[in-house]
>>> print(open('protein_15.pdb').read())   # PDB, C-alpha atoms
ATOM      1  CA  MET A1233     115.095 190.669  72.396
ATOM      2  CA  LYS A1234     115.728 193.413  74.880
ATOM      3  CA  TYR A1235     118.978 195.012  75.962
ATOM      4  CA  ILE A1236     119.544 196.025  79.562
ATOM      5  CA  ILE A1237     122.091 198.491  80.879
ATOM      6  CA  THR A1238     123.066 197.631  84.439
ATOM      7  CA  ALA A1239     125.362 199.657  86.700
ATOM      8  CA  THR A1240     126.286 198.953  90.308
ATOM      9  CA  ALA A1241     128.113 201.209  92.744
ATOM     10  CA  PRO A1242     130.597 199.145  94.769
ATOM     11  CA  THR A1243     130.105 201.346  97.853
ATOM     12  CA  SER A1244     127.863 204.214  98.899
ATOM     13  CA  TYR A1245     130.749 206.597  98.219
ATOM     14  CA  GLN A1246     130.262 206.022  94.477
ATOM     15  CA  LEU A1247     126.528 206.821  94.392
ATOM     16  CA  ASN A1248     127.186 210.142  92.632
ATOM     17  CA  SER A1249     129.010 208.278  89.877
ATOM     18  CA  LEU A1250     126.100 205.830  89.665
ATOM     19  CA  ARG A1251     123.629 208.720  89.415
ATOM     20  CA  ALA A1252     125.610 210.095  86.452
ATOM     21  CA  PHE A1253     124.240 207.182  84.393
ATOM     22  CA  ASN A1254     120.675 208.416  85.110
ATOM     23  CA  LEU A1255     119.311 204.873  85.143
ATOM     24  CA  ASN A1256     116.081 203.653  86.738
ATOM     25  CA  GLY A1257     115.850 202.513  90.327
ATOM     26  CA  THR A1258     117.250 203.351  93.709
ATOM     27  CA  GLY A1259     119.936 201.760  95.798
ATOM     28  CA  MET A1260     123.298 200.504  94.664
ATOM     29  CA  THR A1261     122.195 198.936  91.341
ATOM     30  CA  ARG A1262     120.331 200.724  88.550
ATOM     31  CA  THR A1263     119.041 199.444  85.221
ATOM     32  CA  MET A1264     117.342 200.585  82.027
ATOM     33  CA  GLU A1265     115.797 198.527  79.232
ATOM     34  CA  PHE A1266     116.130 199.215  75.496
ATOM     35  CA  ASP A1267     114.633 197.636  72.383
ATOM     36  CA  SER A1268     117.980 197.383  70.590
ATOM     37  CA  GLU A1269     121.671 197.274  71.339
ATOM     38  CA  GLU A1270     122.135 200.420  69.241
ATOM     39  CA  GLU A1271     119.657 202.346  71.417
ATOM     40  CA  ALA A1272     121.511 201.221  74.547
ATOM     41  CA  LYS A1273     124.854 202.305  73.081
ATOM     42  CA  ASP A1274     123.412 205.659  71.982
ATOM     43  CA  TYR A1275     122.118 206.214  75.518
ATOM     44  CA  LEU A1276     125.555 205.505  77.016
ATOM     45  CA  LYS A1277     127.114 207.892  74.495
ATOM     46  CA  THR A1278     124.834 210.691  75.709
ATOM     47  CA  ARG A1279     125.895 209.956  79.302
ATOM     48  CA  ALA A1280     129.571 209.923  78.272
ATOM     49  CA  ASP A1281     129.161 213.262  76.483
ATOM     50  CA  LYS A1282     127.524 214.854  79.522
ATOM     51  CA  TYR A1283     130.064 213.415  81.974
ATOM     52  CA  ASN A1284     133.010 214.519  79.826
ATOM     53  CA  ASP A1285     131.564 218.007  79.231
ATOM     54  CA  GLU A1286     130.969 218.602  82.949
ATOM     55  CA  ASP A1287     134.394 217.348  84.039
ATOM     56  CA  PRO A1288     137.137 220.020  84.087
ATOM     57  CA  CYS A1289     139.575 217.269  83.048
ATOM     58  CA  GLY A1290     137.380 216.171  80.135
ATOM     59  CA  SER A1291     139.021 215.853  76.727
ATOM     60  CA  GLU A1292     138.308 214.637  73.222
ATOM     61  CA  GLU A1293     140.799 211.799  73.745
ATOM     62  CA  ARG A1294     138.998 210.599  76.854
ATOM     63  CA  LEU A1295     135.650 210.828  75.060
ATOM     64  CA  GLU A1296     137.024 208.721  72.193
ATOM     65  CA  GLU A1297     138.154 206.093  74.742
ATOM     66  CA  MET A1298     134.694 206.116  76.308
ATOM     67  CA  TYR A1299     133.071 205.646  72.896
ATOM     68  CA  SER A1300     135.421 202.737  72.180
ATOM     69  CA  ASP A1301     134.434 201.101  75.476
ATOM     70  CA  ILE A1302     130.751 201.627  74.655
ATOM     71  CA  GLU A1303     131.197 199.851  71.323
ATOM     72  CA  SER A1304     132.522 196.907  73.374
ATOM     73  CA  GLY A1305     129.428 197.035  75.601
ATOM     74  CA  SER A1306     130.475 198.961  78.701
ATOM     75  CA  LEU A1307     131.161 202.422  80.085
ATOM     76  CA  ARG A1308     133.032 203.399  83.236
ATOM     77  CA  LEU A1309     132.321 206.702  84.975
ATOM     78  CA  ASP A1310     134.685 207.164  87.895
ATOM     79  CA  ALA A1311     134.395 203.974  89.990
ATOM     80  CA  VAL A1312     131.140 202.681  88.453
ATOM     81  CA  SER A1313     130.870 200.554  85.328
ATOM     82  CA  ALA A1314     127.729 199.985  83.307
ATOM     83  CA  TYR A1315     127.273 196.989  81.046
ATOM     84  CA  ILE A1316     124.940 196.248  78.157
ATOM     85  CA  GLU A1317     123.485 192.770  78.332
ATOM     86  CA  GLU A1318     121.197 191.001  75.891
ATOM     87  CA  GLN A1319     118.085 189.546  77.470
ATOM     88  CA  ASN A1320     115.678 187.163  75.787
ATOM     89  CA  ASP A1321     112.035 188.059  76.297
TER      90      ASP A1321
END
>>> encode(input="protein_15.pdb", output="structure tokens")
Amino acid sequence: MKYIITATAPTSYQLNSLRAFNLNGTGMTRTMEFDSEEEAKDYLKTRADKYNDEDPCGSEERLEEMYSDIESGSLRLDAVSAYIEEQND
């Protein structure tokens, strides 16, 4: 099984938020494939750390909320959400 992270920017105004996920592709939807759900979650945690560290309003509480969301299979950065989905080979 593979796990895919997919994020889509609802409008071109959110492309910077989409780029913060550093996923593969161009356009309004980006993806990245992982061998395990844990790898996908770890990747989103690194993106959450970076986003929180670079934001002047970042806080430990917000980072904890992001980690909680990641454990549920998603992460929202500004107006863009990324989701982890299981994909059968």
>>> closest_residue(input="protein_15.pdb", among="A:Leu1250, A:Ile1316, A:Ala1272, A:Leu1309", to="Asp1287 in chain A", atoms="only C-alpha atoms")
A:Leu1309
>>> closest_residue(input="protein_15.pdb", among="A:Glu1296, A:Asp1281, A:Tyr1315, A:Gly1290", to="Leu1255 in chain A", atoms="only C-alpha atoms")
A:Tyr1315
>>> atom_distance(input="protein_15.pdb", atom1="CA of Met1264 in chain A", atom2="CA of Ser1244 in chain A")
20.2 Å
>>> closest_residue(input="protein_15.pdb", among="A:Glu1317, A:Glu1265, A:Asp1310, A:Glu1271", to="Met1298 in chain A", atoms="all atoms listed in the file")
A:Asp1310
>>> closest_residue(input="protein_15.pdb", among="A:Glu1269, A:Glu1318, A:Arg1279, A:Phe1253", to="Glu1303 in chain A", atoms="all atoms listed in the file")
A:Glu1269
>>> atom_distance(input="protein_15.pdb", atom1="CA of Asp1274 in chain A", atom2="CA of Ala1241 in chain A")
21.7 Å
>>> atom_distance(input="protein_15.pdb", atom1="CA of Leu1247 in chain A", atom2="CA of Thr1278 in chain A")
19.2 Å
>>> closest_residue(input="protein_15.pdb", among="A:Lys1277, A:Arg1262, A:Arg1251, A:Lys1234", to="Gly1305 in chain A", atoms="only C-alpha atoms")
A:Lys1277
>>> closest_residue(input="protein_15.pdb", among="A:Asp1321, A:Glu1270, A:Tyr1235, A:Ser1249", to="Ile1302 in chain A", atoms="only C-alpha atoms")
A:Glu1270
